[in-house]
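Q: Just one file: upload.txt, with compact mmCIF, C-alpha atoms.
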```
# COMPACT_ATOMS: atom_id res chain seq x y z
CA MET A 1 167.01 93.79 100.41
CA VAL A 2 164.47 93.08 97.65
CA LEU A 3 160.79 93.84 97.29
CA ALA A 4 158.23 91.08 97.78
CA ILE A 5 154.52 90.74 98.40
CA LEU A 6 153.46 89.60 101.86
CA LEU A 7 150.01 88.46 102.90
CA TYR A 8 149.18 90.12 106.24
CA GLY A 9 145.70 88.63 106.45
CA PHE A 10 143.09 87.32 104.06
CA GLY A 11 142.61 89.97 101.38
CA ASP A 12 145.53 92.08 102.65
CA LEU A 13 148.56 91.98 100.32
CA ARG A 14 151.36 94.50 100.80
CA VAL A 15 154.69 95.30 99.18
CA THR A 16 157.45 94.76 101.76
CA ASP A 17 161.25 94.73 101.90
CA VAL A 18 162.61 91.22 102.56
CA PRO A 19 166.16 89.87 102.74
CA ASP A 20 167.81 89.13 99.41
CA PRO A 21 167.62 85.34 98.98
CA VAL A 22 170.85 83.34 99.17
CA PRO A 23 170.88 79.94 97.43
CA ARG A 24 171.30 76.79 99.45
CA PRO A 25 173.68 74.27 97.84
CA ASP A 26 170.87 72.67 95.79
CA GLU A 27 169.07 75.91 94.89
CA VAL A 28 169.26 78.63 92.27
CA ILE A 29 168.27 82.28 92.46
CA VAL A 30 165.89 83.50 89.75
CA ASP A 31 165.37 87.18 88.94
CA VAL A 32 161.65 87.28 88.22
CA ALA A 33 160.78 88.69 84.80
CA CYS A 34 157.03 87.97 84.67
CA VAL A 35 154.56 86.46 87.12
CA GLN A 36 150.84 85.80 87.16
CA PRO A 37 148.61 84.94 90.12
CA SER A 38 146.78 81.66 89.71
CA VAL A 39 143.04 81.36 90.29
CA THR A 40 143.77 79.03 93.20
CA GLU A 41 146.17 81.52 94.79
CA CYS A 42 143.59 84.28 94.44
CA ALA A 43 140.89 82.18 96.08
CA LEU A 44 143.22 81.40 98.98
CA VAL A 45 144.21 85.06 99.35
CA ALA A 46 140.51 85.89 99.60
CA GLY A 47 140.05 83.30 102.34
CA GLU A 48 138.05 80.76 100.35
CA GLN A 49 137.96 77.37 102.07
CA ILE A 50 139.56 75.30 99.36
CA ALA A 51 142.62 73.04 99.50
CA MET A 52 145.44 74.52 101.63
CA HIS A 53 143.14 77.05 103.35
CA ALA A 54 143.69 75.59 106.82
CA ARG A 55 147.45 75.50 106.33
CA LEU A 56 147.52 79.13 105.17
CA ALA A 57 145.26 80.25 108.02
CA ALA A 58 147.59 78.59 110.54
CA ALA A 59 150.60 80.32 109.00
CA LEU A 60 148.87 83.71 109.06
CA ALA A 61 148.10 83.26 112.74
CA ALA A 62 151.85 83.49 113.34
CA GLY A 63 152.33 86.64 111.24
CA PRO A 64 152.64 87.86 107.63
CA VAL A 65 153.32 85.17 105.03
CA ARG A 66 155.26 85.12 101.75
CA PHE A 67 152.47 83.70 99.62
CA GLY A 68 151.82 83.40 95.88
CA GLY A 69 153.82 83.27 92.70
CA HIS A 70 154.22 79.76 91.33
CA GLU A 71 153.49 80.77 87.72
CA PHE A 72 156.46 82.80 86.51
CA GLY A 73 159.36 83.18 84.14
CA GLY A 74 162.75 84.56 85.06
CA VAL A 75 166.50 84.54 84.59
CA VAL A 76 168.97 82.62 86.76
CA SER A 77 171.31 85.02 88.57
CA ALA A 78 173.09 82.67 91.00
CA VAL A 79 173.48 78.95 91.60
CA GLY A 80 174.21 76.91 94.71
CA THR A 81 177.46 75.09 95.23
CA ALA A 82 175.97 71.64 94.54
CA VAL A 83 174.07 72.56 91.36
CA GLY A 84 177.00 72.12 88.99
CA ASP A 85 176.28 72.51 85.28
CA ARG A 86 172.61 71.52 85.50
CA VAL A 87 171.53 75.17 85.56
CA ARG A 88 173.65 78.08 84.37
CA VAL A 89 173.62 81.74 85.28
CA GLY A 90 171.81 83.73 82.58
CA ALA A 91 169.44 80.90 81.62
CA ALA A 92 165.78 81.72 80.98
CA VAL A 93 163.69 79.43 83.15
CA THR A 94 160.41 78.66 84.82
CA ALA A 95 159.86 76.12 87.60
CA VAL A 96 157.57 73.26 88.55
CA GLU A 97 155.80 74.25 91.75
CA THR A 98 155.94 70.87 93.55
CA VAL A 99 159.07 70.24 95.61
CA TYR A 100 159.44 66.60 96.65
CA CYS A 101 161.22 65.88 99.92
CA GLY A 102 163.45 63.14 98.45
CA ARG A 103 163.65 61.37 101.82
CA CYS A 104 160.31 59.68 102.53
CA ALA A 105 159.58 56.05 101.63
CA ALA A 106 157.68 57.04 98.47
CA CYS A 107 160.50 59.25 97.16
CA ARG A 108 163.13 56.61 97.96
CA ARG A 109 161.08 54.07 95.98
CA PHE A 110 160.92 56.39 92.93
CA HIS A 111 157.28 57.42 93.43
CA PRO A 112 157.66 61.12 94.21
CA GLU A 113 154.04 61.77 93.25
CA ALA A 114 153.19 60.03 96.55
CA CYS A 115 155.64 62.13 98.60
CA VAL A 116 154.33 62.56 102.13
CA ARG A 117 156.07 65.90 102.75
CA PRO A 118 155.90 67.91 99.53
CA GLU A 119 156.41 71.65 99.53
CA PHE A 120 154.92 74.00 96.96
CA ILE A 121 156.54 77.11 95.52
CA GLY A 122 154.30 80.08 96.27
CA PHE A 123 152.17 78.13 98.72
CA THR A 124 154.31 76.59 101.46
CA ARG A 125 157.59 78.29 100.54
CA PRO A 126 158.29 81.73 99.04
CA GLY A 127 157.27 82.15 95.42
CA ALA A 128 157.75 84.68 92.66
CA PHE A 129 155.62 87.48 94.07
CA ALA A 130 159.02 89.08 94.53
CA GLU A 131 161.89 90.61 92.59
CA ARG A 132 164.00 87.53 93.23
CA VAL A 133 163.24 84.00 94.43
CA ALA A 134 165.20 80.91 95.48
CA VAL A 135 163.98 77.64 93.95
CA PRO A 136 165.37 74.09 94.05
CA ALA A 137 167.49 73.37 90.99
CA ALA A 138 165.54 70.11 90.55
CA CYS A 139 162.37 72.15 89.90
CA VAL A 140 163.90 74.45 87.27
CA VAL A 141 162.74 74.03 83.68
CA PRO A 142 164.66 75.73 80.84
CA VAL A 143 162.58 77.88 78.51
CA PRO A 144 163.28 77.19 74.82
CA ALA A 145 164.24 79.87 72.33
CA GLY A 146 161.32 81.78 70.92
CA VAL A 147 159.25 81.59 74.11
CA GLY A 148 158.97 84.85 76.02
CA PRO A 149 158.56 85.50 79.74
CA GLY A 150 154.78 85.90 79.47
CA ALA A 151 154.40 82.49 77.86
CA ALA A 152 156.78 80.98 80.42
CA ALA A 153 154.62 82.38 83.22
CA ALA A 154 151.50 80.98 81.57
CA VAL A 155 152.81 77.46 80.97
CA GLN A 156 151.65 75.94 84.28
CA PRO A 157 147.93 76.02 83.32
CA LEU A 158 148.89 74.46 79.97
CA ALA A 159 150.72 71.71 81.85
CA GLY A 160 147.50 71.17 83.79
CA ALA A 161 145.54 70.81 80.55
CA VAL A 162 148.10 68.26 79.32
CA HIS A 163 147.77 66.30 82.55
CA ALA A 164 143.98 66.31 82.25
CA HIS A 165 144.08 65.05 78.67
CA ALA A 166 146.52 62.29 79.57
CA LEU A 167 144.57 61.23 82.66
CA ALA A 168 141.38 60.94 80.61
CA GLU A 169 143.25 58.73 78.12
CA VAL A 170 141.50 60.41 75.20
CA ARG A 171 141.63 57.95 72.33
CA PRO A 172 141.77 59.04 68.68
CA GLY A 173 138.32 60.11 67.57
CA GLU A 174 136.72 60.27 71.02
CA SER A 175 134.36 63.16 71.70
CA VAL A 176 135.29 65.73 74.34
CA LEU A 177 133.08 68.29 76.07
CA VAL A 178 134.92 71.17 77.73
CA ILE A 179 132.82 72.98 80.31
CA GLY A 180 134.09 76.52 80.70
CA ALA A 181 135.72 78.78 78.13
CA GLY A 182 138.19 80.52 80.41
CA VAL A 183 141.92 80.03 80.09
CA MET A 184 141.84 76.40 81.29
CA GLY A 185 138.97 75.58 78.97
CA LEU A 186 140.62 77.20 75.96
CA LEU A 187 143.88 75.40 76.66
CA ALA A 188 141.99 72.12 77.06
CA VAL A 189 140.45 72.67 73.61
CA GLN A 190 143.86 73.19 72.02
CA VAL A 191 145.39 70.16 73.73
CA ALA A 192 142.42 68.00 72.74
CA ARG A 193 142.63 69.13 69.11
CA HIS A 194 146.35 68.37 68.89
CA GLY A 195 145.95 65.22 70.98
CA GLY A 196 143.76 63.26 68.60
CA ALA A 197 140.27 64.00 69.91
CA GLY A 198 137.34 63.72 67.53
CA GLN A 199 134.36 66.00 68.04
CA ILE A 200 135.13 68.81 70.52
CA LEU A 201 132.26 70.65 72.17
CA VAL A 202 132.55 73.68 74.47
CA ALA A 203 130.03 75.16 76.88
CA GLY A 204 130.63 78.67 78.19
CA ARG A 205 129.05 82.03 78.92
CA SER A 206 131.13 84.58 77.01
CA PRO A 207 130.50 84.91 73.25
CA ALA A 208 134.02 86.28 72.76
CA LYS A 209 135.62 83.34 74.56
CA LEU A 210 133.43 80.85 72.71
CA ALA A 211 134.59 82.45 69.46
CA LEU A 212 138.16 81.78 70.57
CA ALA A 213 137.23 78.19 71.36
CA ALA A 214 135.97 77.77 67.80
CA ARG A 215 139.16 79.35 66.48
CA PHE A 216 141.23 76.90 68.52
CA GLY A 217 139.43 73.84 67.18
CA ALA A 218 136.04 73.39 68.84
CA ASP A 219 133.45 71.89 66.50
CA LEU A 220 130.41 73.12 68.44
CA VAL A 221 130.04 75.81 71.10
CA PHE A 222 127.10 76.39 73.43
CA GLY A 223 126.36 79.69 75.15
CA GLY A 224 124.46 80.75 78.23
CA GLY A 225 121.11 80.61 76.45
CA ASP A 226 121.54 77.07 75.17
CA ASP A 227 120.30 73.85 76.72
CA VAL A 228 123.75 72.28 76.96
CA GLU A 229 122.58 68.80 77.94
CA ALA A 230 120.07 68.59 75.09
CA SER A 231 122.59 70.00 72.62
CA VAL A 232 125.29 67.52 73.66
CA LEU A 233 122.93 64.55 73.43
CA ASP A 234 121.72 65.74 70.03
CA ALA A 235 125.31 66.06 68.77
CA THR A 236 126.18 62.55 69.96
CA ASP A 237 123.03 60.71 68.81
CA GLY A 238 121.80 60.48 72.37
CA VAL A 239 124.91 58.70 73.68
CA GLY A 240 126.72 61.54 75.44
CA VAL A 241 130.38 62.48 75.12
CA ASP A 242 133.23 60.13 75.89
CA VAL A 243 135.10 62.65 78.04
CA VAL A 244 134.14 65.81 79.92
CA VAL A 245 136.83 68.26 81.00
CA GLU A 246 135.27 70.46 83.70
CA THR A 247 137.07 73.79 84.18
CA ALA A 248 134.43 76.26 85.40
CA GLY A 249 133.54 75.14 88.93
CA GLY A 250 134.67 76.95 92.04
CA PRO A 251 133.69 79.75 94.42
CA PRO A 252 130.73 81.77 93.07
CA SER A 253 132.26 84.82 94.79
CA ALA A 254 135.00 84.63 92.15
CA GLY A 255 132.51 84.45 89.29
CA LEU A 256 132.74 80.65 89.08
CA ALA A 257 129.96 78.11 88.88
CA GLY A 258 130.09 76.41 92.27
CA SER A 259 129.43 72.69 91.77
CA ALA A 260 126.70 73.08 89.14
CA THR A 261 129.14 72.25 86.35
CA LEU A 262 129.88 68.86 87.90
CA ASP A 263 126.18 68.08 87.80
CA LEU A 264 126.08 69.17 84.15
CA ALA A 265 129.09 67.00 83.37
CA ALA A 266 127.36 63.96 84.91
CA ARG A 267 124.35 64.50 82.65
CA CYS A 268 126.40 64.98 79.47
CA VAL A 269 128.90 62.11 79.71
CA ARG A 270 128.11 58.70 78.25
CA ARG A 271 127.81 55.54 80.28
CA ALA A 272 131.27 54.35 81.34
CA GLY A 273 132.69 57.72 80.25
CA ARG A 274 135.20 59.90 82.08
CA ILE A 275 134.93 63.27 83.81
CA VAL A 276 138.14 65.15 84.59
CA MET A 277 137.77 67.78 87.31
CA VAL A 278 140.26 70.55 86.58
CA SER A 279 138.59 73.25 88.66
CA VAL A 280 139.24 73.57 92.39
CA LEU A 281 136.02 73.12 94.36
CA PRO A 282 135.42 73.89 98.05
CA GLY A 283 136.07 71.12 100.54
CA ARG A 284 132.45 69.91 100.60
CA VAL A 285 129.97 70.27 97.74
CA ASP A 286 126.87 68.55 96.44
CA THR A 287 127.91 65.87 93.96
CA PRO A 288 125.77 63.55 91.80
CA LEU A 289 127.51 60.44 93.10
CA GLY A 290 124.45 58.24 92.68
CA LEU A 291 124.18 59.11 88.98
CA LEU A 292 127.92 58.61 88.45
CA ARG A 293 127.81 55.22 90.16
CA GLU A 294 124.69 54.06 88.34
CA ARG A 295 126.29 54.93 84.99
CA SER A 296 129.80 53.65 85.87
CA VAL A 297 131.34 57.06 85.18
CA ALA A 298 134.93 57.66 86.28
CA LEU A 299 135.51 60.93 88.16
CA LEU A 300 139.17 61.86 87.76
CA HIS A 301 141.40 64.52 89.33
CA PRO A 302 144.60 65.44 87.47
CA ARG A 303 147.84 65.93 89.35
CA SER A 304 149.51 69.31 89.65
CA GLY A 305 152.09 70.50 87.15
CA ALA A 306 154.85 68.19 88.38
CA GLY A 307 155.76 65.01 86.59
CA GLY A 308 155.74 63.76 83.05
CA PHE A 309 154.93 60.84 80.82
CA SER A 310 158.34 60.04 79.34
CA PRO A 311 161.78 59.40 80.85
CA GLY A 312 163.15 62.07 78.55
CA SER A 313 160.61 64.83 79.08
CA GLY A 314 158.61 66.40 81.89
CA VAL A 315 155.18 67.83 81.30
CA PHE A 316 156.54 71.40 81.53
CA ASP A 317 159.15 70.64 78.88
CA TYR A 318 156.44 69.20 76.63
CA ALA A 319 154.09 72.13 77.23
CA LEU A 320 156.85 74.63 76.43
CA ARG A 321 157.60 72.78 73.19
CA LEU A 322 153.92 73.02 72.23
CA VAL A 323 154.19 76.79 72.68
CA ALA A 324 157.54 77.07 70.87
CA ARG A 325 156.15 75.16 67.86
CA GLY A 326 152.99 77.25 67.78
CA ASP A 327 150.76 74.24 68.40
CA VAL A 328 149.18 75.91 71.42
CA VAL A 329 148.63 79.64 71.82
CA VAL A 330 148.99 81.07 75.31
CA GLU A 331 150.08 84.71 75.08
CA SER A 332 147.06 85.76 73.00
CA LEU A 333 144.94 84.76 76.02
CA VAL A 334 146.68 87.38 78.20
CA THR A 335 144.32 90.37 78.22
CA HIS A 336 145.74 92.35 81.16
CA ARG A 337 149.41 93.22 81.49
CA LEU A 338 150.67 95.31 84.40
CA SER A 339 154.14 96.56 85.32
CA GLY A 340 156.10 96.62 88.57
CA ILE A 341 155.91 94.46 91.65
CA GLY A 342 153.53 96.96 93.25
CA SER A 343 150.96 95.93 90.63
CA ILE A 344 150.66 92.37 91.94
CA PRO A 345 147.76 93.14 94.33
CA ARG A 346 145.91 94.69 91.39
CA ALA A 347 146.65 91.60 89.30
CA VAL A 348 145.19 89.48 92.08
CA ASP A 349 142.04 91.62 92.10
CA ILE A 350 141.62 91.23 88.33
CA THR A 351 142.24 87.49 88.42
CA THR A 352 139.91 86.99 91.39
CA ASP A 353 136.98 88.14 89.24
CA LYS A 354 138.09 87.80 85.63
CA ALA A 355 134.54 88.05 84.32
CA ALA A 356 134.08 91.51 85.84
CA HIS A 357 137.29 92.74 84.21
CA GLY A 358 136.90 90.97 80.86
CA ALA A 359 140.02 88.90 81.48
CA ILE A 360 140.76 85.44 80.08
CA ASN A 361 144.19 84.52 81.43
CA PRO A 362 145.20 85.73 84.88
CA ALA A 363 146.60 89.24 84.78
CA GLN A 364 150.35 89.23 84.23
CA VAL A 365 152.90 91.50 85.88
CA THR A 366 156.25 92.41 84.35
CA VAL A 367 158.62 92.57 87.32
CA SER A 368 161.90 93.19 85.50
CA GLU A 369 163.42 93.39 82.04
CA GLY A 370 166.47 91.48 80.90
CA TRP A 371 164.95 88.33 79.38
CA PRO A 372 167.66 86.85 77.14
CA VAL A 373 166.64 87.25 73.50
CA ASN A 374 169.51 85.65 71.60
CA ARG A 375 169.63 82.04 72.82
```
Turn the structure described in the file into structure tokens.

A:
Amino acid sequence: MVLAILLYGFGDLRVTDVPDPVPRPDEVIVDVACVQPSVTECALVAGEQIAMHARLAAALAAGPVRFGGHEFGGVVSAVGTAVGDRVRVGAAVTAVETVYCGRCAACRRFHPEACVRPEFIGFTRPGAFAERVAVPAACVVPVPAGVGPGAAAAVQPLAGAVHAHALAEVRPGESVLVIGAGVMGLLAVQVARHGGAGQILVAGRSPAKLALAARFGADLVFGGGDDVEASVLDATDGVGVDVVVETAGGPPSAGLAGSATLDLAARCVRRAGRIVMVSVLPGRVDTPLGLLRERSVALLHPRSGAGGFSPGSGVFDYALRLVARGDVVVESLVTHRLSGIGSIPRAVDITTDKAAHGAINPAQVTVSEGWPVNR
């Protein structure tokens, strides 16, 4: 038996003994070294009606659920019989959370992003809120030398920032406004700076986080007392920014901004500009669709961490290389580190309301030692 976290009902996480996972032929077993709850997972644990709420509620109606843990780093301890040399025992790894079925028409036609039956590690199948987890070998991503378990656990949000930047097709010299100076906003600033953006502006509420945004490459930062719309228009000669990356929306109960940041984005973007919605909003919200239509603004939604932009590299591989080279800083954003699997409910509490706890990144939990150092 191993220890894992089970969700017994919304808001009710408990440490429970579960059977030790055994790999299927195409799976590997990963001993979890470090895990962090995502903001989305925390909102779902709390019962917020965002994407996947109905599916989780239906699962809970049948009994406790293994839920949470798609952002993690660990060490491979066993491999299935069909894995071969693709993944080796002792390798330091993380994993992409999206598991494509491989059988539907979209997958057979080499468009897995349109898979009709995807599964998601930590959401629809057991994740790394456990001492040990089974994951498909196809989802495993090797962690390069010099990158520790905390950075490996934090790479999924960075992959999301990379996806957002790519989806917006930020051209060299284009101006970018990042709304929100939490972990996603700060990662978006770093990706934009290394990705050829011109003027980078950041709107947030925390002076300390805005100072980090400036350190990471923001040209101008606007705090809670500033008129963000007026400041953005002044900085762009009245035109508005080319791209807005919105990262602060979401349930107000979690200290997020509801849908107000989408309205702000619509007022700050130029005509025919692009807004990328990174935050996860409730199923139905007020949106300024009339203004977006009148101004021909594109409202874009980046994909999850799966996928990539080159035949030779997935987005996780690229994000990990950014960390290994020191181009993007992730571990300095981790403000709360806990120890032991029993600390995961506490990590969820901290991450659910990061503002109340002074957190930037989700709280991280060290589950086990043994991360390979000499690789």

Q: Just give me the gap between CA of Leu158 in chain A and CA of Ala78 in chain A in Å, one decimal is fine.

A: 27.8 Å

Q: Using only C-alpha atoms, which residues of range 134-197 of chain A come within 12 Å of range 272-287 of chain A, and what is the closest atom pair for each, with the distance in Å to one decimal? Give it as JSON lines, sorted by chain and residue number.

A:
```
{"residue": "A:Pro157", "atom": "CA", "partner": "A:Val278", "partner_atom": "CA", "distance": 10.0}
{"residue": "A:Leu158", "atom": "CA", "partner": "A:Val278", "partner_atom": "CA", "distance": 11.6}
{"residue": "A:Ala159", "atom": "CA", "partner": "A:Val278", "partner_atom": "CA", "distance": 11.5}
{"residue": "A:Gly160", "atom": "CA", "partner": "A:Val278", "partner_atom": "CA", "distance": 7.8}
{"residue": "A:Ala161", "atom": "CA", "partner": "A:Val278", "partner_atom": "CA", "distance": 8.0}
{"residue": "A:Val162", "atom": "CA", "partner": "A:Val278", "partner_atom": "CA", "distance": 10.9}
{"residue": "A:His163", "atom": "CA", "partner": "A:Val278", "partner_atom": "CA", "distance": 9.5}
{"residue": "A:Ala164", "atom": "CA", "partner": "A:Val276", "partner_atom": "CA", "distance": 6.4}
{"residue": "A:His165", "atom": "CA", "partner": "A:Val276", "partner_atom": "CA", "distance": 8.4}
{"residue": "A:Ala166", "atom": "CA", "partner": "A:Val276", "partner_atom": "CA", "distance": 10.2}
{"residue": "A:Leu167", "atom": "CA", "partner": "A:Val276", "partner_atom": "CA", "distance": 7.8}
{"residue": "A:Ala168", "atom": "CA", "partner": "A:Arg274", "partner_atom": "CA", "distance": 6.4}
{"residue": "A:Glu169", "atom": "CA", "partner": "A:Arg274", "partner_atom": "CA", "distance": 9.0}
{"residue": "A:Val170", "atom": "CA", "partner": "A:Arg274", "partner_atom": "CA", "distance": 9.3}
{"residue": "A:Arg171", "atom": "CA", "partner": "A:Arg274", "partner_atom": "CA", "distance": 11.8}
{"residue": "A:Glu174", "atom": "CA", "partner": "A:Gly273", "partner_atom": "CA", "distance": 10.4}
{"residue": "A:Ser175", "atom": "CA", "partner": "A:Gly273", "partner_atom": "CA", "distance": 10.3}
{"residue": "A:Val176", "atom": "CA", "partner": "A:Arg274", "partner_atom": "CA", "distance": 9.7}
{"residue": "A:Leu177", "atom": "CA", "partner": "A:Ile275", "partner_atom": "CA", "distance": 9.4}
{"residue": "A:Val178", "atom": "CA", "partner": "A:Val276", "partner_atom": "CA", "distance": 9.7}
{"residue": "A:Ile179", "atom": "CA", "partner": "A:Met277", "partner_atom": "CA", "distance": 10.0}
{"residue": "A:Gly180", "atom": "CA", "partner": "A:Ser279", "partner_atom": "CA", "distance": 9.7}
{"residue": "A:Gly182", "atom": "CA", "partner": "A:Ser279", "partner_atom": "CA", "distance": 11.0}
{"residue": "A:Val183", "atom": "CA", "partner": "A:Ser279", "partner_atom": "CA", "distance": 11.4}
{"residue": "A:Met184", "atom": "CA", "partner": "A:Val278", "partner_atom": "CA", "distance": 8.0}
{"residue": "A:Gly185", "atom": "CA", "partner": "A:Val278", "partner_atom": "CA", "distance": 9.2}
{"residue": "A:Leu187", "atom": "CA", "partner": "A:Val278", "partner_atom": "CA", "distance": 11.6}
{"residue": "A:Ala188", "atom": "CA", "partner": "A:Val278", "partner_atom": "CA", "distance": 9.8}
```

Q: Take CA of Ala203 in chain A and CA of Gly224 in chain A and report the distance between them in Å, one decimal.

A: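 Atom-to-atom, CA of Ala203 in chain A and CA of Gly224 in chain A are spaced 8.0 Å apart.
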
Q: So how far away is CA of Leu333 in chain A from CA of Ile5 in chain A, in Å?

A: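 Distance between the two atoms: 25.1 Å.
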
Q: Excluding same-chain residues fewer than 2 positions from range 325-329 of chain A, what lies within 9 Å of it counting only C-alpha atoms, as a list in words?

A: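 Once the nearby chain positions are removed, what remains is Gly146, Ala151, Leu158, Leu187, Gln190, Val191, His194, Phe216, Ala319, Leu320, Arg321, Leu322, Val323, Glu331, Ser332 and Leu333 of chain A.
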
Q: Show me, as an mmCIF file with C-alpha atoms, keeping the file's coordinate frame, the residues that have an atom within 12 Å of Ser339 in chain A when counting all atoms listed in the file, minus same-chain residues fewer than 3 positions from it.

A:
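Printed below is selection-v2.cif as written:
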```cif
data_model
loop_
_atom_site.group_PDB
_atom_site.id
_atom_site.type_symbol
_atom_site.label_atom_id
_atom_site.label_comp_id
_atom_site.auth_asym_id
_atom_site.auth_seq_id
_atom_site.Cartn_x
_atom_site.Cartn_y
_atom_site.Cartn_z
ATOM 1 C CA ALA A 33 160.780 88.690 84.800
ATOM 2 C CA CYS A 34 157.030 87.970 84.670
ATOM 3 C CA VAL A 35 154.560 86.460 87.120
ATOM 4 C CA GLN A 36 150.840 85.800 87.160
ATOM 5 C CA HIS A 336 145.740 92.350 81.160
ATOM 6 C CA GLY A 342 153.530 96.960 93.250
ATOM 7 C CA SER A 343 150.960 95.930 90.630
ATOM 8 C CA ILE A 344 150.660 92.370 91.940
ATOM 9 C CA PRO A 345 147.760 93.140 94.330
ATOM 10 C CA ARG A 346 145.910 94.690 91.390
ATOM 11 C CA ALA A 347 146.650 91.600 89.300
ATOM 12 C CA ALA A 363 146.600 89.240 84.780
ATOM 13 C CA GLN A 364 150.350 89.230 84.230
ATOM 14 C CA VAL A 365 152.900 91.500 85.880
ATOM 15 C CA THR A 366 156.250 92.410 84.350
ATOM 16 C CA VAL A 367 158.620 92.570 87.320
ATOM 17 C CA SER A 368 161.900 93.190 85.500
ATOM 18 C CA GLU A 369 163.420 93.390 82.040
#
```

Q: Looking at only C-alpha atoms, which of A:Pro21, A:Pro144, A:Gly258, A:Gly196 is the one that sits closest to Tyr318 in chain A?

A: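 Smallest separation from Tyr318 in chain A among the options: A:Pro144.
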
Q: If we count all atoms listed in the file and set the cut-off at 9 Å, which residues sit around Cys42 in chain A, ignoring sequence neighbours fewer than 4 positions away in its own chain? Please answer as number ranges by chain.

A: A: 37-38, 46-48, 68, 254, 348-349, 351-352

Q: For Arg117 in chain A, find every residue with an atom within 8 Å (counting all atoms listed in the file), except residues of its own chain fewer than 2 positions away, and show them as a PyMOL selection string.

A: chain A and resi 100-101+104+115+119

Q: With C-alpha atoms retained, export the selected residues as a PDB file, keeping the file's coordinate frame.

A:
```pdb
ATOM      1  CA  TYR A 100     159.440  66.600  96.650  1.00  0.00           C
ATOM      2  CA  CYS A 101     161.220  65.880  99.920  1.00  0.00           C
ATOM      3  CA  CYS A 104     160.310  59.680 102.530  1.00  0.00           C
ATOM      4  CA  CYS A 115     155.640  62.130  98.600  1.00  0.00           C
ATOM      5  CA  GLU A 119     156.410  71.650  99.530  1.00  0.00           C
TER       6      GLU A 119
END
```

Q: Considering all atoms listed in the file, can you say which of A:Val147, A:Arg103, A:Asp12, A:Leu291 comes closest to Ala324 in chain A?

A: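 Result for the nearest residue to Ala324 in chain A: A:Val147.
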
Q: Using all atoms listed in the file, pick whichever of A:Val239, A:Leu186, A:His357, A:Val221 has the shortest atom-to-atom distance to Val330 in chain A.

A: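 Looking only at the distances to Val330 in chain A, the closest residue turns out to be A:Leu186.
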
Q: From the options A:Ala154, A:Leu289, A:Leu233, A:Ala356, which residue's atoms come nearest to Ser206 in chain A, counting all atoms listed in the file?

A: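 Smallest separation from Ser206 in chain A among the options: A:Ala356.
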